[in-house]
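*Asks:* File name input14.cif; file contents mmCIF, C-alpha atoms; full text below.
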data_coords
#
loop_
_atom_site.group_PDB
_atom_site.id
_atom_site.type_symbol
_atom_site.label_atom_id
_atom_site.label_comp_id
_atom_site.auth_asym_id
_atom_site.auth_seq_id
_atom_site.Cartn_x
_atom_site.Cartn_y
_atom_site.Cartn_z
ATOM 1 C CA MET A 237 -77.843 -102.976 -220.153
ATOM 2 C CA ILE A 238 -80.034 -104.779 -222.686
ATOM 3 C CA ALA A 239 -77.357 -104.428 -225.384
ATOM 4 C CA GLY A 240 -74.793 -105.799 -222.942
ATOM 5 C CA HIS A 241 -76.891 -108.902 -222.338
ATOM 6 C CA ALA A 242 -77.372 -109.411 -226.070
ATOM 7 C CA ALA A 243 -73.638 -108.973 -226.698
ATOM 8 C CA LEU A 244 -72.692 -111.542 -224.027
ATOM 9 C CA LEU A 245 -75.197 -114.050 -225.385
ATOM 10 C CA ALA A 246 -73.955 -113.476 -228.951
ATOM 11 C CA MET A 247 -70.334 -113.934 -227.901
ATOM 12 C CA GLU A 248 -71.148 -117.134 -226.022
ATOM 13 C CA SER A 249 -73.346 -118.640 -228.756
ATOM 14 C CA GLY A 250 -71.376 -117.359 -231.726
ATOM 15 C CA ARG A 251 -74.626 -116.239 -233.355
ATOM 16 C CA PRO A 252 -76.577 -112.979 -233.575
ATOM 17 C CA VAL A 253 -78.986 -112.496 -230.678
ATOM 18 C CA LYS A 254 -82.185 -110.507 -230.540
ATOM 19 C CA ILE A 255 -83.845 -109.849 -227.188
ATOM 20 C CA ILE A 256 -87.548 -109.054 -227.116
ATOM 21 C CA TYR A 257 -89.050 -108.084 -223.775
ATOM 22 C CA ASP A 258 -92.720 -108.285 -222.957
ATOM 23 C CA ARG A 259 -94.268 -105.217 -221.298
ATOM 24 C CA THR A 260 -93.531 -106.328 -217.727
ATOM 25 C CA GLU A 261 -89.890 -107.185 -218.485
ATOM 26 C CA ASP A 262 -89.486 -103.871 -220.308
ATOM 27 C CA MET A 263 -90.815 -101.906 -217.327
ATOM 28 C CA VAL A 264 -88.493 -103.752 -214.931
ATOM 29 C CA ALA A 265 -85.332 -103.702 -217.066
ATOM 30 C CA THR A 266 -85.299 -100.293 -218.740
ATOM 31 C CA THR A 267 -84.407 -96.924 -217.251
ATOM 32 C CA LYS A 268 -87.042 -94.392 -216.277
ATOM 33 C CA ARG A 269 -87.533 -90.649 -216.548
ATOM 34 C CA HIS A 270 -86.204 -88.543 -213.639
ATOM 35 C CA PRO A 271 -88.890 -88.249 -210.948
ATOM 36 C CA SER A 272 -89.278 -84.640 -209.879
ATOM 37 C CA ARG A 273 -90.831 -82.472 -207.220
ATOM 38 C CA THR A 274 -91.778 -78.871 -207.909
ATOM 39 C CA ARG A 275 -92.928 -76.194 -205.493
ATOM 40 C CA HIS A 276 -94.457 -72.907 -206.640
ATOM 41 C CA ARG A 277 -95.176 -69.757 -204.630
ATOM 42 C CA THR A 278 -96.814 -67.105 -206.761
ATOM 43 C CA ALA A 279 -98.113 -63.587 -206.195
ATOM 44 C CA VAL A 280 -101.071 -62.843 -208.451
ATOM 45 C CA SER A 281 -103.163 -59.693 -208.848
ATOM 46 C CA LYS A 282 -106.947 -59.798 -208.432
ATOM 47 C CA ASP A 283 -107.310 -59.755 -212.216
ATOM 48 C CA GLY A 284 -105.112 -62.850 -212.541
ATOM 49 C CA LYS A 285 -101.790 -61.327 -213.633
ATOM 50 C CA ILE A 286 -98.646 -62.965 -212.284
ATOM 51 C CA LEU A 287 -96.700 -60.436 -210.210
ATOM 52 C CA GLY A 288 -93.815 -62.643 -209.121
ATOM 53 C CA GLY A 289 -92.898 -65.911 -207.553
ATOM 54 C CA GLU A 290 -90.523 -68.634 -206.542
ATOM 55 C CA ILE A 291 -90.109 -72.000 -208.242
ATOM 56 C CA GLU A 292 -88.194 -74.884 -206.687
ATOM 57 C CA PHE A 293 -87.554 -77.804 -209.034
ATOM 58 C CA ALA A 294 -85.763 -80.955 -207.837
ATOM 59 C CA ILE A 295 -85.084 -84.141 -209.773
ATOM 60 C CA ASP A 296 -84.148 -87.573 -208.478
ATOM 61 C CA GLY A 297 -81.016 -88.650 -210.341
ATOM 62 C CA GLY A 298 -80.971 -92.108 -208.835
ATOM 63 C CA ALA A 299 -77.741 -93.845 -207.916
ATOM 64 C CA TYR A 300 -75.691 -92.461 -210.845
ATOM 65 C CA ALA A 301 -75.467 -88.979 -212.352
ATOM 66 C CA THR A 302 -75.800 -90.093 -216.021
ATOM 67 C CA LEU A 303 -77.601 -87.197 -217.773
ATOM 68 C CA SER A 304 -79.060 -85.554 -214.675
ATOM 69 C CA SER A 305 -77.219 -82.273 -215.303
ATOM 70 C CA VAL A 306 -78.760 -81.961 -218.776
ATOM 71 C CA VAL A 307 -82.222 -82.942 -217.536
ATOM 72 C CA LEU A 308 -81.930 -80.407 -214.705
ATOM 73 C CA SER A 309 -80.790 -77.678 -217.091
ATOM 74 C CA ARG A 310 -83.727 -78.175 -219.458
ATOM 75 C CA GLY A 311 -86.187 -78.406 -216.578
ATOM 76 C CA THR A 312 -84.818 -75.132 -215.221
ATOM 77 C CA ILE A 313 -85.057 -73.338 -218.566
ATOM 78 C CA HIS A 314 -88.701 -74.349 -218.945
ATOM 79 C CA ALA A 315 -89.758 -73.953 -215.294
ATOM 80 C CA GLY A 316 -91.556 -70.641 -215.920
ATOM 81 C CA GLY A 317 -93.551 -72.084 -218.793
ATOM 82 C CA PRO A 318 -94.733 -69.802 -221.617
ATOM 83 C CA TYR A 319 -95.703 -67.115 -219.115
ATOM 84 C CA TYR A 320 -94.362 -63.675 -218.258
ATOM 85 C CA TRP A 321 -92.876 -63.406 -214.775
ATOM 86 C CA PRO A 322 -92.036 -59.799 -213.833
ATOM 87 C CA SER A 323 -90.010 -61.183 -210.920
ATOM 88 C CA VAL A 324 -89.127 -64.824 -210.312
ATOM 89 C CA ARG A 325 -86.516 -66.857 -208.473
ATOM 90 C CA ILE A 326 -85.959 -70.368 -209.786
ATOM 91 C CA ARG A 327 -83.956 -72.779 -207.641
ATOM 92 C CA THR A 328 -83.152 -76.233 -208.925
ATOM 93 C CA LYS A 329 -81.204 -79.271 -207.835
ATOM 94 C CA ALA A 330 -80.533 -82.850 -208.830
ATOM 95 C CA VAL A 331 -80.152 -85.260 -205.959
ATOM 96 C CA ALA A 332 -78.444 -88.632 -205.790
ATOM 97 C CA THR A 333 -80.641 -91.215 -204.138
ATOM 98 C CA ASN A 334 -80.533 -94.868 -203.275
ATOM 99 C CA SER A 335 -82.757 -95.792 -206.216
ATOM 100 C CA ARG A 336 -82.398 -97.046 -209.772
ATOM 101 C CA ARG A 337 -80.556 -94.883 -212.256
ATOM 102 C CA THR A 338 -82.589 -92.541 -214.392
ATOM 103 C CA GLU A 339 -82.126 -91.416 -217.964
ATOM 104 C CA ALA A 340 -83.164 -88.596 -220.236
ATOM 105 C CA PHE A 341 -86.163 -89.048 -222.504
ATOM 106 C CA ARG A 342 -87.798 -86.772 -225.038
ATOM 107 C CA GLY A 343 -87.999 -83.354 -223.465
ATOM 108 C CA PHE A 344 -85.033 -83.856 -221.093
ATOM 109 C CA GLY A 345 -86.669 -82.436 -217.949
ATOM 110 C CA ALA A 346 -88.997 -79.976 -219.671
ATOM 111 C CA PRO A 347 -92.072 -82.260 -219.350
ATOM 112 C CA GLN A 348 -91.599 -82.529 -215.585
ATOM 113 C CA SER A 349 -91.320 -78.781 -214.960
ATOM 114 C CA LEU A 350 -93.943 -77.804 -217.565
ATOM 115 C CA PHE A 351 -96.468 -80.278 -216.167
ATOM 116 C CA ALA A 352 -95.981 -78.756 -212.712
ATOM 117 C CA MET A 353 -96.360 -75.222 -214.106
ATOM 118 C CA GLU A 354 -99.586 -76.036 -215.950
ATOM 119 C CA ARG A 355 -101.098 -77.660 -212.860
ATOM 120 C CA HIS A 356 -100.076 -74.565 -210.901
ATOM 121 C CA MET A 357 -101.782 -72.321 -213.468
ATOM 122 C CA ASP A 358 -104.964 -74.380 -212.999
ATOM 123 C CA ARG A 359 -104.707 -73.806 -209.240
ATOM 124 C CA ILE A 360 -104.180 -70.047 -209.709
ATOM 125 C CA ALA A 361 -107.276 -69.937 -211.929
ATOM 126 C CA GLN A 362 -109.291 -71.753 -209.268
ATOM 127 C CA VAL A 363 -108.151 -69.425 -206.464
ATOM 128 C CA VAL A 364 -108.666 -66.214 -208.463
ATOM 129 C CA GLY A 365 -111.967 -67.420 -209.935
ATOM 130 C CA ILE A 366 -110.998 -67.059 -213.606
ATOM 131 C CA SER A 367 -111.165 -69.830 -216.202
ATOM 132 C CA PRO A 368 -107.922 -71.794 -216.699
ATOM 133 C CA ILE A 369 -107.805 -70.733 -220.344
ATOM 134 C CA GLU A 370 -108.251 -67.045 -219.495
ATOM 135 C CA ILE A 371 -105.605 -67.110 -216.752
ATOM 136 C CA ARG A 372 -103.137 -68.459 -219.298
ATOM 137 C CA ARG A 373 -104.085 -65.836 -221.913
ATOM 138 C CA ARG A 374 -103.532 -63.030 -219.424
ATOM 139 C CA ASN A 375 -100.035 -64.245 -218.581
ATOM 140 C CA PHE A 376 -98.618 -65.433 -221.915
ATOM 141 C CA LEU A 377 -95.195 -64.148 -222.918
ATOM 142 C CA LYS A 378 -95.300 -61.368 -225.481
ATOM 143 C CA PRO A 379 -92.591 -60.055 -227.812
ATOM 144 C CA GLY A 380 -90.311 -57.650 -225.954
ATOM 145 C CA LYS A 381 -90.909 -59.252 -222.550
ATOM 146 C CA PRO A 382 -88.055 -61.190 -220.940
ATOM 147 C CA GLN A 383 -88.267 -64.835 -220.012
ATOM 148 C CA PRO A 384 -87.070 -65.901 -216.538
ATOM 149 C CA GLN A 385 -83.567 -66.498 -217.981
ATOM 150 C CA ASN A 386 -83.438 -62.828 -219.100
ATOM 151 C CA LYS A 387 -83.759 -63.763 -222.753
ATOM 152 C CA THR A 388 -86.154 -61.485 -224.580
ATOM 153 C CA ILE A 389 -88.480 -62.857 -227.219
ATOM 154 C CA ARG A 390 -88.282 -60.649 -230.289
ATOM 155 C CA GLU A 391 -90.214 -62.777 -232.765
ATOM 156 C CA ASN A 392 -93.975 -62.626 -233.034
ATOM 157 C CA ILE A 393 -95.449 -65.560 -231.126
ATOM 158 C CA ASP A 394 -99.074 -66.603 -231.241
ATOM 159 C CA LEU A 395 -99.747 -68.379 -227.982
ATOM 160 C CA HIS A 396 -103.340 -67.156 -227.934
ATOM 161 C CA SER A 397 -104.457 -69.428 -230.774
ATOM 162 C CA SER A 398 -103.044 -72.458 -228.926
ATOM 163 C CA ALA A 399 -105.185 -71.576 -225.897
ATOM 164 C CA ARG A 400 -108.435 -71.694 -227.870
ATOM 165 C CA PRO A 401 -110.496 -74.772 -227.162
ATOM 166 C CA ARG A 402 -110.740 -77.108 -230.108
ATOM 167 C CA ALA A 403 -113.927 -78.900 -231.016
ATOM 168 C CA GLY A 404 -114.360 -81.940 -228.815
ATOM 169 C CA THR A 405 -111.633 -81.069 -226.303
ATOM 170 C CA PHE A 406 -113.868 -79.450 -223.666
#
Please re-express this file's structure in structure tokens.

*Replies:*
Amino acid sequence: MIAGHAALLAMESGRPVKIIYDRTEDMVATTKRHPSRTRHRTAVSKDGKILGGEIEFAIDGGAYATLSSVVLSRGTIHAGGPYYWPSVRIRTKAVATNSRRTEAFRGFGAPQSLFAMERHMDRIAQVVGISPIEIRRRNFLKPGKPQPQNKTIRENIDLHSSARPRAGTF
């Protein structure tokens, strides 16, 4: 839309046009990330291991489809996070609404579903009474274990070092 305005002004004036928005104009005129709503139901053992669950992930595509299918696909792929789910059902949908159009940004749907998963892991930790870091360690994917999409990780992955607190972060 911004390029279209610049092109019309350039055609009318016969000169190059550069449009610079201030922060307020930018927020009003540019597209936004797909809003999403995620619902988790998870069975967890007393020692904090995920036994199974259901994940429902819905994105608001706005008035036009644009890249909603790609955003939904990436959000679906990442819905289970970096955790092992022995049994999981993931249901996803993109809905058309009477709101402004949305676009894909860095991450294409993964940030929305991963944020929801990490908040859910915090809630599991709270309910089970285990630290949020430890609950993550106990459920990390390991080589040989399938992801929710039935793809098996064969490479060595070191998720445990990323779960260690760094100086000044806690």

*Asks:* Convert the output of the PyMOL selection byres ((chain A and resi 376-385) around 12) on the shown file into explicit residues, formatted as an MDAnalysis selection string.

*Replies:* chainID A and resid 284:286 288:291 309:310 312:327 357 369:375 386:399

*Asks:* Select, from A:Ile238, A:Ile366, A:Arg277, A:Leu245, the residue with the minimum atom-to-atom distance to A:Val264, counting all atoms listed in the file.

*Replies:*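 Using all atoms listed in the file, A:Val264 sits closest to A:Ile238.
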
*Asks:* Taking the file as shown, what set of residues would the PyMOL selection byres ((chain A and resi 336-348) around 10) give back, as JSON, numbers by chain?

*Replies:* {"A": [266, 267, 268, 269, 270, 271, 272, 273, 274, 293, 294, 295, 296, 297, 298, 299, 300, 301, 302, 303, 304, 305, 306, 307, 308, 309, 310, 311, 312, 313, 314, 315, 317, 332, 333, 334, 335, 349, 350, 351, 352, 353]}

*Asks:* Atom CA of A:Ala330 and atom CA of A:Arg355 are how many Å apart?

*Replies:* 21.6 Å

*Asks:* Translate the PyMOL selection byres ((chain A and resi 255) around 10) into a concrete residue list for this structure, as a PyMOL selection string.

*Replies:* chain A and resi 238-239+241-242+245+253-254+256-258

*Asks:* To one decimal place, how far is atom CA of A:Pro368 from atom CA of A:Lys329 in Å?

*Replies:*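 If I compute the distance from atom CA of A:Pro368 to atom CA of A:Lys329, I get 29.1 Å.
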
*Asks:* Which one is closest to A:Gly365: A:Val280, A:Leu287, A:Met237, A:Leu244? Count all atoms listed in the file.

*Replies:*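 Comparing A:Val280, A:Leu287, A:Met237, A:Leu244 against A:Gly365, the winner is A:Val280.
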
*Asks:* In Å, rounded to a single decimal, give me how far atom CA of A:Val331 is from atom CA of A:His356.

*Replies:*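 Atom CA of A:Val331 lies 23.1 Å from atom CA of A:His356.
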